[in-house]
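Chemist: Before I ask anything, let me first share the structure, which is written out below as C-alpha cells.
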Amino acid sequence: MSSIMQYNGAAIIAMVGKDCVAIASDKRFGIRNQTVGCEMKKVFQMNDKVLVGLTGLASDMQTLEQKFRFKNNLYRLREEREMSVTAFSNMVSSLLYESRFGPYFVEPVVAGLTEDGKPYLCGMDLLGAPVLTDDFMLAGDCPEAMFGLCESLYQPNLEPDDLFEVLAQCLLSGVDRDCLSGWGCVVHVLTPQGLTTRHLKGRMD
C-alpha cells in the first residue's frame, strides 16, 4: 500500500445506458486502514448535464472540486450558457496537465449527457490524459475486483432502472473485496429528465 492514491480509499464506477448515464461512489473516508468517516461525498454535480467523480487524495479532491466549480461559474458568466460535458472534460484535462510537475493526486471520472442527449464518459489519470469509453469506467482502489463484475453484468442500452441495479451490484460487490473503500454507496442516474440519487447501505466492517 505504498501509493498516495490509496491513502484515503475510494471506489467509483460510471456506466452508460440508453440515453442515460450513471455514476456511483462509496462513502468511506479513511487514513490508510483507519476509518474516519462514512459520509464522504466523492461525486459532484457541476450542472444539469455534468457529473464528476473524484478518487485519490482527499485534500486534493476538495481542492479540485472548488477549482472545477470556480471555472464552471466563470464560464457561465462569460458565455451566458452552461458548460457542455465535453468542454468540462477538456477543462479538467488541461487543469490537471497544467500541474503536471507537481500533480494533484486525483483520478477524475466525468459523466454526463452531450448537447444532443447522448451519454458521455471520460476518465483521466492524475496528469489529465483522457480515456473515452462507451460502456463503463472505473477508478479507485479496487478496479481489479470491479472490472470482472462490470464485464459480467454490463449490457448496452440498459434502461435507467436496470442501469441502477447493475451499477449498484457491481459497486457493492466490488468494495466488499477491498478494505480501503465501502461503508455504503451513493448512485446517481442522469437522464434528460433530470438526476436521481439513491443512497445504499453496505457492509460496515
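Letters A, B, ... mark the chains of the C-alpha cells in the order given; residue numbers begin at 1 per chain; ligand numbers begin at 1, in order shown.
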If you run DSSP on this backbone, which residues of stretch 11-123 of chain A come out as alpha helix (DSSP H), and could you give them as a ChimeraX atom specification?

Modeler: /A:58-79,85-98

Chemist: Just the selected residues (N, CA, C and O atoms), exported as a short mmCIF file (atom, residue, chain, number, x, y, z; two decimals), in the first residue's frame, please.

Modeler:
data_model
loop_
_atom_site.label_atom_id
_atom_site.label_comp_id
_atom_site.auth_asym_id
_atom_site.auth_seq_id
_atom_site.Cartn_x
_atom_site.Cartn_y
_atom_site.Cartn_z
N ALA A 58 -7.74 12.91 -0.48
CA ALA A 58 -8.96 13.66 -0.13
C ALA A 58 -8.76 15.17 -0.19
O ALA A 58 -9.64 15.90 -0.66
N SER A 59 -7.62 15.66 0.26
CA SER A 59 -7.38 17.10 0.24
C SER A 59 -7.33 17.64 -1.19
O SER A 59 -7.87 18.72 -1.48
N ASP A 60 -6.71 16.88 -2.09
CA ASP A 60 -6.66 17.30 -3.50
C ASP A 60 -8.04 17.20 -4.15
O ASP A 60 -8.38 18.02 -5.02
N MET A 61 -8.83 16.22 -3.73
CA MET A 61 -10.20 16.10 -4.25
C MET A 61 -11.01 17.36 -3.91
O MET A 61 -11.72 17.91 -4.76
N GLN A 62 -10.90 17.82 -2.67
CA GLN A 62 -11.65 19.01 -2.26
C GLN A 62 -11.15 20.26 -2.98
O GLN A 62 -11.94 21.11 -3.41
N THR A 63 -9.83 20.35 -3.14
CA THR A 63 -9.26 21.50 -3.86
C THR A 63 -9.75 21.53 -5.31
O THR A 63 -10.18 22.58 -5.81
N LEU A 64 -9.70 20.37 -5.98
CA LEU A 64 -10.11 20.34 -7.38
C LEU A 64 -11.60 20.59 -7.54
O LEU A 64 -12.01 21.25 -8.50
N GLU A 65 -12.41 20.09 -6.62
CA GLU A 65 -13.85 20.35 -6.71
C GLU A 65 -14.13 21.85 -6.67
O GLU A 65 -14.94 22.37 -7.44
N GLN A 66 -13.43 22.58 -5.81
CA GLN A 66 -13.60 24.03 -5.73
C GLN A 66 -13.11 24.71 -7.01
O GLN A 66 -13.75 25.65 -7.52
N LYS A 67 -11.99 24.24 -7.56
CA LYS A 67 -11.48 24.81 -8.82
C LYS A 67 -12.45 24.55 -9.97
O LYS A 67 -12.68 25.42 -10.82
N PHE A 68 -13.02 23.32 -10.02
CA PHE A 68 -13.98 23.00 -11.08
C PHE A 68 -15.20 23.91 -10.98
O PHE A 68 -15.70 24.42 -11.99
N ARG A 69 -15.71 24.10 -9.77
CA ARG A 69 -16.89 24.97 -9.59
C ARG A 69 -16.57 26.41 -9.99
O ARG A 69 -17.38 27.09 -10.64
N PHE A 70 -15.39 26.88 -9.60
CA PHE A 70 -14.98 28.24 -9.96
C PHE A 70 -14.94 28.42 -11.47
O PHE A 70 -15.49 29.38 -12.02
N LYS A 71 -14.29 27.47 -12.18
CA LYS A 71 -14.16 27.60 -13.63
C LYS A 71 -15.51 27.42 -14.32
O LYS A 71 -15.79 28.07 -15.34
N ASN A 72 -16.37 26.56 -13.77
CA ASN A 72 -17.70 26.36 -14.32
C ASN A 72 -18.55 27.63 -14.18
O ASN A 72 -19.24 28.05 -15.11
N ASN A 73 -18.48 28.26 -13.00
CA ASN A 73 -19.23 29.51 -12.77
C ASN A 73 -18.70 30.64 -13.65
O ASN A 73 -19.47 31.46 -14.18
N LEU A 74 -17.36 30.70 -13.81
CA LEU A 74 -16.75 31.72 -14.66
C LEU A 74 -17.21 31.56 -16.11
O LEU A 74 -17.52 32.54 -16.79
N TYR A 75 -17.26 30.30 -16.57
CA TYR A 75 -17.72 30.02 -17.93
C TYR A 75 -19.18 30.46 -18.11
O TYR A 75 -19.54 31.05 -19.12
N ARG A 76 -20.02 30.18 -17.10
CA ARG A 76 -21.43 30.54 -17.18
C ARG A 76 -21.61 32.06 -17.26
O ARG A 76 -22.44 32.57 -18.03
N LEU A 77 -20.81 32.81 -16.48
CA LEU A 77 -20.90 34.27 -16.51
C LEU A 77 -20.40 34.84 -17.84
O LEU A 77 -21.00 35.77 -18.40
N ARG A 78 -19.31 34.26 -18.35
CA ARG A 78 -18.69 34.81 -19.56
C ARG A 78 -19.48 34.44 -20.81
O ARG A 78 -19.67 35.26 -21.70
N GLU A 79 -19.92 33.18 -20.90
CA GLU A 79 -20.56 32.68 -22.13
C GLU A 79 -22.09 32.77 -22.08
O GLU A 79 -22.75 32.59 -23.10
N VAL A 85 -20.63 18.88 -21.41
CA VAL A 85 -19.81 17.85 -20.76
C VAL A 85 -18.47 17.67 -21.46
O VAL A 85 -17.44 17.41 -20.82
N THR A 86 -18.43 17.85 -22.78
CA THR A 86 -17.15 17.73 -23.50
C THR A 86 -16.23 18.90 -23.15
O THR A 86 -15.03 18.70 -22.94
N ALA A 87 -16.79 20.11 -23.05
CA ALA A 87 -15.98 21.27 -22.67
C ALA A 87 -15.47 21.11 -21.23
O ALA A 87 -14.32 21.42 -20.93
N PHE A 88 -16.34 20.60 -20.36
CA PHE A 88 -15.92 20.39 -18.97
C PHE A 88 -14.80 19.37 -18.88
O PHE A 88 -13.83 19.55 -18.15
N SER A 89 -14.94 18.29 -19.64
CA SER A 89 -13.91 17.25 -19.65
C SER A 89 -12.56 17.80 -20.13
O SER A 89 -11.51 17.51 -19.54
N ASN A 90 -12.59 18.62 -21.18
CA ASN A 90 -11.35 19.24 -21.67
C ASN A 90 -10.76 20.21 -20.65
O ASN A 90 -9.53 20.31 -20.51
N MET A 91 -11.63 20.92 -19.94
CA MET A 91 -11.16 21.85 -18.91
C MET A 91 -10.46 21.09 -17.78
O MET A 91 -9.39 21.49 -17.30
N VAL A 92 -11.05 19.96 -17.35
CA VAL A 92 -10.45 19.14 -16.30
C VAL A 92 -9.09 18.62 -16.75
O VAL A 92 -8.10 18.67 -16.01
N SER A 93 -9.04 18.14 -17.98
CA SER A 93 -7.79 17.59 -18.52
C SER A 93 -6.68 18.64 -18.56
O SER A 93 -5.55 18.40 -18.13
N SER A 94 -7.01 19.84 -19.04
CA SER A 94 -5.98 20.89 -19.14
C SER A 94 -5.57 21.40 -17.77
O SER A 94 -4.41 21.72 -17.53
N LEU A 95 -6.53 21.45 -16.81
CA LEU A 95 -6.20 21.91 -15.46
C LEU A 95 -5.23 20.94 -14.78
O LEU A 95 -4.28 21.36 -14.12
N LEU A 96 -5.45 19.64 -14.98
CA LEU A 96 -4.54 18.65 -14.39
C LEU A 96 -3.17 18.70 -15.07
O LEU A 96 -2.14 18.59 -14.40
N TYR A 97 -3.16 18.88 -16.39
CA TYR A 97 -1.88 18.89 -17.11
C TYR A 97 -1.05 20.12 -16.78
O TYR A 97 0.17 20.08 -16.82
N GLU A 98 -1.74 21.24 -16.46
CA GLU A 98 -1.02 22.45 -16.03
C GLU A 98 -0.13 22.17 -14.82
O GLU A 98 0.93 22.77 -14.67
#

Chemist: Skipping near chain neighbours, those fewer than 6 positions away, what residues fall within 8 Å of stretch 159-173 of chain A using only C-alpha atoms, listed as an MDAnalysis selection string?

Modeler: chainID A and resid 11:18 20:26 146 149:150 153 182 184:185 187 189 191 202

Chemist: How many Å lie between atom CA of A:Gly128 and atom CA of A:Phe101, rounded to one decimal?

Modeler: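 Computing it gives 12.2 Å between the two atoms.
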
Chemist: Might you pull out every residue within 7 Å of A:Met124, with only C-alpha atoms counted and same-chain residues fewer than 6 positions away left off, and present them as a list in words?

Modeler: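 Everything that qualifies: Glu107, Pro108, Val109, Pro130 and Val131 of chain A.
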
Chemist: Hey, can you spit out that residue selection with N, CA, C and O atoms as a compact mmCIF listing (two decimals), in the first residue's frame?

Modeler:
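Here's the written file part-v1.txt:
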# COMPACT_ATOMS: atom_id res chain seq x y z
N GLU A 107 -7.75 11.06 -9.62
CA GLU A 107 -8.14 10.50 -10.91
C GLU A 107 -9.64 10.78 -11.11
O GLU A 107 -10.48 10.11 -10.51
N PRO A 108 -9.96 11.77 -11.95
CA PRO A 108 -11.38 12.11 -12.14
C PRO A 108 -12.08 11.21 -13.15
O PRO A 108 -11.45 10.68 -14.07
N VAL A 109 -13.38 11.05 -12.96
CA VAL A 109 -14.25 10.39 -13.94
C VAL A 109 -15.39 11.37 -14.24
O VAL A 109 -16.13 11.76 -13.34
N PRO A 130 -6.85 11.82 -21.10
CA PRO A 130 -8.24 11.33 -21.12
C PRO A 130 -8.39 9.97 -21.81
O PRO A 130 -7.66 9.65 -22.75
N VAL A 131 -9.34 9.19 -21.32
CA VAL A 131 -9.74 7.93 -21.95
C VAL A 131 -11.26 7.98 -22.11
O VAL A 131 -11.99 8.09 -21.13

Chemist: Kindly give the distance, in Å, that separates atom CA of A:Leu121 and atom CA of A:Gly53, rounded to a single decimal.

Modeler: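 Atom CA of A:Gly53 lies at a distance of 11.1 Å from atom CA of A:Leu121.
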
Chemist: Let me make sure I understand: among A:Ala129, A:Asp116, A:Val175, A:Leu158, which one has the smallest atom-to-atom distance to A:Ala145 if we use only C-alpha atoms?

Modeler: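 Of A:Ala129, A:Asp116, A:Val175, A:Leu158, the one nearest A:Ala145, counting only C-alpha atoms, is A:Val175.
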
Chemist: At a cut-off of 8 Å, can you tabulate as JSON lines every residue of stretch 162-184 of chain A near stretch 30-38 of chain A together with its closest atom pair and the distance in Å to one decimal, using only C-alpha atoms and ordering rows by chain then number?

Modeler:
{"residue": "A:Cys179", "atom": "CA", "partner": "A:Asn33", "partner_atom": "CA", "distance": 7.3}
{"residue": "A:Leu180", "atom": "CA", "partner": "A:Asn33", "partner_atom": "CA", "distance": 6.4}
{"residue": "A:Trp183", "atom": "CA", "partner": "A:Cys38", "partner_atom": "CA", "distance": 6.1}
{"residue": "A:Gly184", "atom": "CA", "partner": "A:Cys38", "partner_atom": "CA", "distance": 7.7}

Chemist: Selection from above, all heavy atoms, as a short mmCIF file (atom, residue, chain, number, x, y, z; two decimals), in the first residue's frame, can you write it?

Modeler:
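Okay, this is what ended up in out.cif:
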data_model
loop_
_atom_site.label_atom_id
_atom_site.label_comp_id
_atom_site.auth_asym_id
_atom_site.auth_seq_id
_atom_site.Cartn_x
_atom_site.Cartn_y
_atom_site.Cartn_z
N CYS A 179 -10.51 -3.45 1.48
CA CYS A 179 -10.64 -2.92 2.84
C CYS A 179 -10.52 -1.39 2.90
O CYS A 179 -10.75 -0.80 3.95
CB CYS A 179 -9.59 -3.55 3.75
SG CYS A 179 -7.90 -3.12 3.28
N LEU A 180 -10.17 -0.74 1.79
CA LEU A 180 -9.98 0.71 1.81
C LEU A 180 -11.18 1.49 1.30
O LEU A 180 -11.14 2.72 1.28
CB LEU A 180 -8.75 1.08 0.98
CG LEU A 180 -7.41 0.52 1.47
CD1 LEU A 180 -6.31 0.93 0.52
CD2 LEU A 180 -7.11 1.00 2.87
N TRP A 183 -18.45 0.91 3.00
CA TRP A 183 -19.29 1.55 4.01
C TRP A 183 -20.49 2.26 3.37
O TRP A 183 -20.80 3.40 3.66
CB TRP A 183 -18.48 2.53 4.87
CG TRP A 183 -17.53 1.86 5.80
CD1 TRP A 183 -16.54 0.99 5.47
CD2 TRP A 183 -17.48 1.97 7.23
NE1 TRP A 183 -15.87 0.56 6.59
CE2 TRP A 183 -16.43 1.16 7.68
CE3 TRP A 183 -18.22 2.71 8.15
CZ2 TRP A 183 -16.10 1.04 9.03
CZ3 TRP A 183 -17.87 2.60 9.48
CH2 TRP A 183 -16.84 1.76 9.93
N GLY A 184 -21.15 1.56 2.45
CA GLY A 184 -22.31 2.15 1.76
C GLY A 184 -21.89 2.82 0.47
O GLY A 184 -20.70 3.01 0.20
#

Chemist: When you count only C-alpha atoms, which of these residues is closest to A:Phe147: A:Lys49, A:Gly174, A:Thr55, A:Leu113?

Modeler: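 Under the stated criterion, the closest residue is A:Gly174.
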
Chemist: Nearest to A:Asp178: which of A:Asp141, A:Glu151, A:Asp134, A:Asp48 is it, counting only C-alpha atoms?

Modeler: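 Among the listed residues, the smallest separation from A:Asp178 belongs to A:Asp141.
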
Chemist: With distances taken over only C-alpha atoms, which of A:Met83, A:Leu127, A:Leu132, A:Ala10 is nearest to A:Leu54?

Modeler: A:Ala10

Chemist: What does the distance between atom CA of A:Asp125 and atom CA of A:Cys142 come to in Å, to one decimal place?

Modeler: 15.4 Å

Chemist: Considering only C-alpha atoms, state which residue in the set A:Ser99, A:Pro143, A:Ala111, A:Ser152 is at the smallest distance from A:Ser181.

Modeler: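 The answer is A:Pro143, which sits nearest to A:Ser181.
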
Chemist: My list of candidates is A:Gln155, A:Thr197, A:Asn8, A:Ser84. Which is closest to A:Tyr120 when distances are computed with only C-alpha atoms?

Modeler: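 With only C-alpha atoms as the atom set, the closest residue is A:Ser84.
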
Chemist: Residues of stretch 15-202 of chain A classed as strand (DSSP E or B) by DSSP on the backbone are to be reported as a ChimeraX atom specification.

Modeler: /A:15-16,21-26,29-31,34-37,43-47,50-56,106-113,119-124,130-133,136-140,185-191,194-200
